[in-house]
Protein chains: 2
Amino acid sequence: MSDYTKNIEYPNFDFEVTHKDEKSGARVGRITTPHGVVETPNYIFCGTKASVKNLSPTQMKEAQTDIILANTYHLMIQPKAELVEKMGGLHKFMNWDKPMLTDSGGFQVFSMGHGTCADEIKGRNTSKSKESLLKITEEGAVFKSYHDGQKLMLNPEISMKLQRQLGADLIMQMDECTAYQVTRDYTAKSMEMSMRWGDRSLDAFDEMHDGSQGLYGIIQGGIYHDLRKTSAEYVADRPFFGTAVGGCLGGSDDEMYGILESIQHINHPDRPIHFLGIGRIKDVFESVKYGIDTFDCVMPTRIARHGMALMKGAPNERINLINSKFKDDPEPLDASMDISCSRDYSKAYIHHLFKAGEMLAYQIVSQHNVAVINQLMREVREAIKAGTLDELRKEWLVD
Amino acid sequence: MSDYTKNIEYPNFDFEVTHKDEKSGARVGRITTPHGVVETPNYIFCGTKASVKNLSPTQMKEAQTDIILANTYHLMIQPKAELVEKMGGLHKFMNWDKPMLTDSGGFQVFSMGHGTCADEIKGRNTSKSKESLLKITEEGAVFKSYHDGQKLMLNPEISMKLQRQLGADLIMQMDECTAYQVTRDYTAKSMEMSMRWGDRSLDAFDEMHDGSQGLYGIIQGGIYHDLRKTSAEYVADRPFFGTAVGGCLGGSDDEMYGILESIQHINHPDRPIHFLGIGRIKDVFESVKYGIDTFDCVMPTRIARHGMALMKGAPNERINLINSKFKDDPEPLDASMDISCSRDYSKAYIHHLFKAGEMLAYQIVSQHNVAVINQLMREVREAIKAGTLDELRKEWLVD
């Protein structure tokens, strides 16, 4: 494994585990970045095209958000990473001065450029897939821009350069994200290529490294525990700042958690572990037990646009505000929350906004959902410290 | 004229002219309502379906908004005025605790239910007009709901009841709003009916009057100065709290201002005068000279959704952020404004949001436009007091 000898240091970054609950396996920690500290476990909200949908940075902060991400794939297409760099980098461009992450761009290339996380990862792949992906070789991937049909290349060196131009604090190695339906043989070969792409990412990163970014390696290997273990050993061996778990995680929750379990004791103990594209409330409670420190998913803001408000203790974690039972419900989403969106509007009013096609509804429910997730993460951190994670789980989830 | 003998008092309301500029004819004043004071001249922002599009009440207040309106026509259809009443009235329903106005619902019935102000008033009527309007009689208007096709009636008594249920501070008599293409004869008969509907509105209002609302009479008469004068005499004679100028104002600015001039010295001097559905920056500068105290128009938030940001001194009062010249413009909309939307995002970023279809763009530019209009109105009030309205006009408008 260790034919890679280069060492990379991250002087402006730090990860510290401040508490470990031996009973549950969960841990509390803090990631330090040049744009501030992220207490973990935490949730990274998707600002795909340099905007968390319907929410301004001010509103994200009102909802007590610590960190957001943007997608390299979307930004390399529009407005292009060079432009973002010219405008002073993503933080300045978006007016977000707290920690930020970008992905490598690879995930969307391989899952065809629809920019969603869940379908591909969870095995709900469709035949439309890969229609914009033209070729994958050892060199990299060639694909068509969804914006103007232009042929584009993404490879480890290009991904590192693009992410450097964007300038997020936490960035990702280039990997191939394999789909559910591929064979074990394909998955194995792909995982091996992702390791080589990892080394190329490290080399390219090292050349541009100025201390402003921390690079994550990504564990691939699909649903095959032995492949996952090999990939995890690779990531732990290389001088990455953080560890990420990516790729297809199977068709069921059990399969997904089985994968986390298989790599739990291989992962580097002193590095933050990010779970790519996963983030139901249930996933948070389960995954922290396997040492996961950060999550990301479009779910909180996406379901908001479909009228779904996240709710502690509600069946399936949410209520559907478009349901006619809320037509004359005078109660707010959650009067106990210290934020206007959750406290100052009746469900009847929000129901009306959705029915009337008023986009203020998106704003109210998106901000509520972000605030709920941030409250969840604060409570999860406290519960890990207090050893009461199971009790907290019962408050949040009804099975 | 004065066969109407009933007197109506508005003990919780007041209008006071605090300054009159004899040179320009413009005045500064204050309308007192149960939900607070509105310094005039002022601008009433359209929250058609109980929401100012893309902006929360918090954001409206950040933009220093004093008063908003909602449309009775839209709300009687969805979610229905009874529901709003059951939820505690419009103020509570929308979470807006400052002054509010509703119209009678008539305007949209007669202009076919598209809910826009400018086309009909300014003579840009189309043949699609009236497709949902089934019948106008002395009794009232019968029309089809755009929501479910249901046949609905609107008349003075129903309008008063609906506006009472909605519970805005300032409400409007029921009138017929005539279109540009109708004959003088039709306009005259319609105006006379609007006067009879005014008396019926007053009677119905008086029966429900509990001191919480102030009723405006509406001057009709189309483009005919003699009809306008008769209508203005009627409104001044009756015990309305305020005066509104409605209906078709011709096909040119000169025709519109000619109408205002024709009625200027007939209007009751001690009542606030509202200009229905008119509100370009140019209109504000011209109309205040004829004693107009308040304006309303969907323009500020509507043009925002098309990428247009209002801008002091810009040609046609605005800039088009979708124009590619802003692609790499690092400057904010207006760094001198004390509000994040105008100060904290580059034009390049907002351009990107529009190009990427990110709805945060609507929010940023809508709030900016509202803030610009509110700044305009503050500056107009100061300029009237200082006798420098013409100088201020030159700063804002390039002809």
# chains A, B, ... in the order shown; residues from 1 in each chain; ligands from 1
$ interface_residues --of "chain A" --to "chain B" --cutoff "6 Å" --atoms "only C-alpha atoms" --output "VMD selection string"
chain A and resid 54 359 to 360
$ write_last_selection --atoms "C-alpha atoms" --output "short mmCIF file (atom, residue, chain, number, x, y, z; two decimals), in the first residue's frame"
data_model
loop_
_atom_site.label_atom_id
_atom_site.label_comp_id
_atom_site.auth_asym_id
_atom_site.auth_seq_id
_atom_site.Cartn_x
_atom_site.Cartn_y
_atom_site.Cartn_z
CA ASN A 54 -34.28 29.91 -1.50
CA MET A 359 -42.65 31.16 -3.24
CA LEU A 360 -42.43 32.61 0.25
#
$ residues_around --residues "Glu233 (chain B)" --least-positions-apart "2" --cutoff "10 Å" --atoms "only C-alpha atoms" --output "PyMOL selection string"
chain B and resi 1+219+227-231+235-238+263+265-268
$ atom_distance --atom1 "CA of Gly387 (chain B)" --atom2 "CA of Ser342 (chain B)"
28.9 Å
$ residues_around --residues "Arg302 (chain A)" --least-positions-apart "2" --cutoff "10 Å" --atoms "only C-alpha atoms" --output "ChimeraX atom specification"
/A:46,53,116,297-300,304-308,362,365-366,369
$ select_by_dssp --residues "region 266-371 of chain A" --states "strand (DSSP E or B)" --output "ChimeraX atom specification"
/A:273-275,294-297,308-310,318-320,332,346
$ closest_residue --among "A:Arg30, A:Lys189, A:Lys325, A:Lys61" --to "Phe45 (chain A)" --atoms "only C-alpha atoms"
A:Lys61
$ residues_around --residues "Asp253 (chain B)" --least-positions-apart "3" --cutoff "10 Å" --atoms "only C-alpha atoms" --output "list in words"
Lys122, Leu249, Gly250, Met256, Tyr257, Gly258, Ile259, Lys282, Asp283 and Glu286 of chain B
$ decode --residues "region 219-264 of chain A" --atoms "N, CA and C atoms" --output "mmCIF file, in the first residue's frame"
data_model
loop_
_atom_site.group_PDB
_atom_site.id
_atom_site.type_symbol
_atom_site.label_atom_id
_atom_site.label_comp_id
_atom_site.auth_asym_id
_atom_site.auth_seq_id
_atom_site.Cartn_x
_atom_site.Cartn_y
_atom_site.Cartn_z
ATOM 1 N N ILE A 219 -13.556 6.835 0.282
ATOM 2 C CA ILE A 219 -13.631 5.378 0.303
ATOM 3 C C ILE A 219 -14.710 4.920 -0.673
ATOM 4 N N GLN A 220 -14.304 4.117 -1.661
ATOM 5 C CA GLN A 220 -15.260 3.522 -2.592
ATOM 6 C C GLN A 220 -15.313 2.011 -2.329
ATOM 7 N N GLY A 221 -15.868 1.263 -3.285
ATOM 8 C CA GLY A 221 -15.929 -0.179 -3.125
ATOM 9 C C GLY A 221 -17.347 -0.734 -3.131
ATOM 10 N N GLY A 222 -18.312 0.143 -3.398
ATOM 11 C CA GLY A 222 -19.699 -0.307 -3.555
ATOM 12 C C GLY A 222 -20.207 -1.049 -2.339
ATOM 13 N N ILE A 223 -20.896 -2.145 -2.592
ATOM 14 C CA ILE A 223 -21.534 -2.891 -1.501
ATOM 15 C C ILE A 223 -20.659 -4.044 -1.020
ATOM 16 N N TYR A 224 -19.416 -4.097 -1.488
ATOM 17 C CA TYR A 224 -18.527 -5.235 -1.183
ATOM 18 C C TYR A 224 -17.601 -4.874 -0.028
ATOM 19 N N HIS A 225 -17.791 -5.522 1.092
ATOM 20 C CA HIS A 225 -17.061 -5.149 2.296
ATOM 21 C C HIS A 225 -15.548 -5.272 2.124
ATOM 22 N N ASP A 226 -15.102 -6.310 1.398
ATOM 23 C CA ASP A 226 -13.651 -6.456 1.246
ATOM 24 C C ASP A 226 -13.061 -5.319 0.422
ATOM 25 N N LEU A 227 -13.831 -4.900 -0.623
ATOM 26 C CA LEU A 227 -13.348 -3.765 -1.426
ATOM 27 C C LEU A 227 -13.354 -2.484 -0.591
ATOM 28 N N ARG A 228 -14.424 -2.289 0.183
ATOM 29 C CA ARG A 228 -14.502 -1.114 1.066
ATOM 30 C C ARG A 228 -13.301 -1.081 2.023
ATOM 31 N N LYS A 229 -12.944 -2.263 2.545
ATOM 32 C CA LYS A 229 -11.828 -2.302 3.498
ATOM 33 C C LYS A 229 -10.511 -1.905 2.834
ATOM 34 N N THR A 230 -10.296 -2.417 1.639
ATOM 35 C CA THR A 230 -9.085 -2.053 0.908
ATOM 36 C C THR A 230 -9.044 -0.547 0.658
ATOM 37 N N SER A 231 -10.172 -0.015 0.238
ATOM 38 C CA SER A 231 -10.252 1.410 -0.053
ATOM 39 C C SER A 231 -10.040 2.235 1.220
ATOM 40 N N ALA A 232 -10.623 1.776 2.334
ATOM 41 C CA ALA A 232 -10.465 2.486 3.607
ATOM 42 C C ALA A 232 -9.005 2.465 4.057
ATOM 43 N N GLU A 233 -8.348 1.316 3.842
ATOM 44 C CA GLU A 233 -6.919 1.233 4.201
ATOM 45 C C GLU A 233 -6.101 2.232 3.382
ATOM 46 N N TYR A 234 -6.458 2.304 2.111
ATOM 47 C CA TYR A 234 -5.769 3.259 1.244
ATOM 48 C C TYR A 234 -5.923 4.690 1.773
ATOM 49 N N VAL A 235 -7.160 5.080 2.047
ATOM 50 C CA VAL A 235 -7.419 6.470 2.471
ATOM 51 C C VAL A 235 -6.717 6.768 3.795
ATOM 52 N N ALA A 236 -6.738 5.784 4.712
ATOM 53 C CA ALA A 236 -6.081 5.982 6.009
ATOM 54 C C ALA A 236 -4.568 6.115 5.861
ATOM 55 N N ASP A 237 -4.031 5.447 4.843
ATOM 56 C CA ASP A 237 -2.580 5.442 4.636
ATOM 57 C C ASP A 237 -2.046 6.740 4.036
ATOM 58 N N ARG A 238 -2.871 7.399 3.243
ATOM 59 C CA ARG A 238 -2.398 8.569 2.506
ATOM 60 C C ARG A 238 -2.565 9.851 3.332
ATOM 61 N N PRO A 239 -1.781 10.875 2.977
ATOM 62 C CA PRO A 239 -1.811 12.104 3.780
ATOM 63 C C PRO A 239 -3.003 13.022 3.464
ATOM 64 N N PHE A 240 -4.185 12.459 3.603
ATOM 65 C CA PHE A 240 -5.394 13.279 3.481
ATOM 66 C C PHE A 240 -5.679 13.968 4.816
ATOM 67 N N PHE A 241 -6.396 15.095 4.758
ATOM 68 C CA PHE A 241 -6.841 15.721 5.999
ATOM 69 C C PHE A 241 -8.051 14.977 6.567
ATOM 70 N N GLY A 242 -8.948 14.566 5.677
ATOM 71 C CA GLY A 242 -10.171 13.913 6.136
ATOM 72 C C GLY A 242 -10.500 12.675 5.325
ATOM 73 N N THR A 243 -11.459 11.917 5.824
ATOM 74 C CA THR A 243 -11.928 10.687 5.210
ATOM 75 C C THR A 243 -13.374 10.898 4.783
ATOM 76 N N ALA A 244 -13.708 10.479 3.553
ATOM 77 C CA ALA A 244 -15.106 10.541 3.128
ATOM 78 C C ALA A 244 -15.555 9.155 2.687
ATOM 79 N N VAL A 245 -16.833 8.884 2.907
ATOM 80 C CA VAL A 245 -17.406 7.623 2.458
ATOM 81 C C VAL A 245 -18.344 7.946 1.309
ATOM 82 N N GLY A 246 -18.062 7.380 0.129
ATOM 83 C CA GLY A 246 -18.865 7.712 -1.040
ATOM 84 C C GLY A 246 -19.381 6.486 -1.747
ATOM 85 N N GLY A 247 -19.968 6.739 -2.892
ATOM 86 C CA GLY A 247 -20.376 5.653 -3.771
ATOM 87 C C GLY A 247 -21.666 4.976 -3.365
ATOM 88 N N CYS A 248 -21.939 3.881 -4.049
ATOM 89 C CA CYS A 248 -23.186 3.159 -3.822
ATOM 90 C C CYS A 248 -23.156 2.416 -2.498
ATOM 91 N N LEU A 249 -24.194 2.594 -1.725
ATOM 92 C CA LEU A 249 -24.236 2.017 -0.379
ATOM 93 C C LEU A 249 -25.301 0.948 -0.245
ATOM 94 N N GLY A 250 -25.757 0.452 -1.384
ATOM 95 C CA GLY A 250 -26.717 -0.635 -1.324
ATOM 96 C C GLY A 250 -28.147 -0.173 -1.436
ATOM 97 N N GLY A 251 -29.051 -1.118 -1.379
ATOM 98 C CA GLY A 251 -30.461 -0.810 -1.581
ATOM 99 C C GLY A 251 -31.253 -0.732 -0.293
ATOM 100 N N SER A 252 -30.611 -0.976 0.818
ATOM 101 C CA SER A 252 -31.357 -0.937 2.092
ATOM 102 C C SER A 252 -30.512 -0.243 3.153
ATOM 103 N N ASP A 253 -31.189 0.186 4.207
ATOM 104 C CA ASP A 253 -30.471 0.822 5.311
ATOM 105 C C ASP A 253 -29.467 -0.148 5.926
ATOM 106 N N ASP A 254 -29.869 -1.421 6.063
ATOM 107 C CA ASP A 254 -28.968 -2.396 6.683
ATOM 108 C C ASP A 254 -27.675 -2.546 5.886
ATOM 109 N N GLU A 255 -27.836 -2.581 4.562
ATOM 110 C CA GLU A 255 -26.644 -2.678 3.720
ATOM 111 C C GLU A 255 -25.727 -1.476 3.947
ATOM 112 N N MET A 256 -26.359 -0.290 4.016
ATOM 113 C CA MET A 256 -25.584 0.943 4.198
ATOM 114 C C MET A 256 -24.827 0.925 5.522
ATOM 115 N N TYR A 257 -25.524 0.587 6.596
ATOM 116 C CA TYR A 257 -24.855 0.602 7.898
ATOM 117 C C TYR A 257 -23.828 -0.535 7.998
ATOM 118 N N GLY A 258 -24.091 -1.614 7.278
ATOM 119 C CA GLY A 258 -23.117 -2.707 7.222
ATOM 120 C C GLY A 258 -21.795 -2.248 6.628
ATOM 121 N N ILE A 259 -21.894 -1.405 5.603
ATOM 122 C CA ILE A 259 -20.680 -0.871 4.979
ATOM 123 C C ILE A 259 -19.922 0.007 5.969
ATOM 124 N N LEU A 260 -20.657 0.855 6.675
ATOM 125 C CA LEU A 260 -19.984 1.718 7.665
ATOM 126 C C LEU A 260 -19.286 0.882 8.731
ATOM 127 N N GLU A 261 -19.967 -0.170 9.140
ATOM 128 C CA GLU A 261 -19.392 -1.023 10.181
ATOM 129 C C GLU A 261 -18.097 -1.687 9.692
ATOM 130 N N SER A 262 -18.117 -2.100 8.417
ATOM 131 C CA SER A 262 -16.966 -2.847 7.893
ATOM 132 C C SER A 262 -15.689 -2.015 7.870
ATOM 133 N N ILE A 263 -15.844 -0.688 7.795
ATOM 134 C CA ILE A 263 -14.647 0.164 7.680
ATOM 135 C C ILE A 263 -14.358 0.951 8.950
ATOM 136 N N GLN A 264 -15.257 0.832 9.922
ATOM 137 C CA GLN A 264 -15.170 1.688 11.117
ATOM 138 C C GLN A 264 -13.789 1.661 11.777
#
